[in-house]
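Colleague: Here it is, the structure in full.
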Amino acid sequence: MVAPTEAPLFSDIARRPPPARPETIAAIKADPPMAEWVIYMGRQCEKHNCPQ
């Protein structure tokens, strides 16, 4: 096995969060750290052009 010579790109390992549905919004309201993570991932994926 050959080791990679470069680190993977953010867009290689991340996916955009799915569109929010009512049950997703309810879960996020109950878990503020999760909400922060979803927002962070969405912003980073916009920045790095992650796939859906």
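Here's how to read the names in the structure tokens: chain A, B, ... by the order shown, residue numbers from 1 in each chain, ligand numbers from 1 in the order shown.
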Show which residues sit within 12 Å of Ala14 in chain A, as JSON, numbers by chain. Count only C-alpha atoms, and ignore same-chain residues fewer than 5 positions away.

Modeller: {"A": [8, 9, 38, 40, 41, 42, 43, 44, 45, 46, 47, 48, 49, 50, 51, 52]}

Colleague: Just the number, please: distance in Å from CA of Pro18 in chain A to CA of Ile39 in chain A, one decimal.

Modeller: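 Between these atoms lies a distance of 11.3 Å.
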
Colleague: Go ahead and compute the interatomic distance for CA of Ala26 in chain A and CA of Asp12 in chain A, in Å to one decimal.

Modeller: 29.5 Å

Colleague: Quick one, how far is CA of Lys29 in chain A from CA of Ile13 in chain A?

Modeller: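 Separation between CA of Lys29 in chain A and CA of Ile13 in chain A: 26.5 Å.
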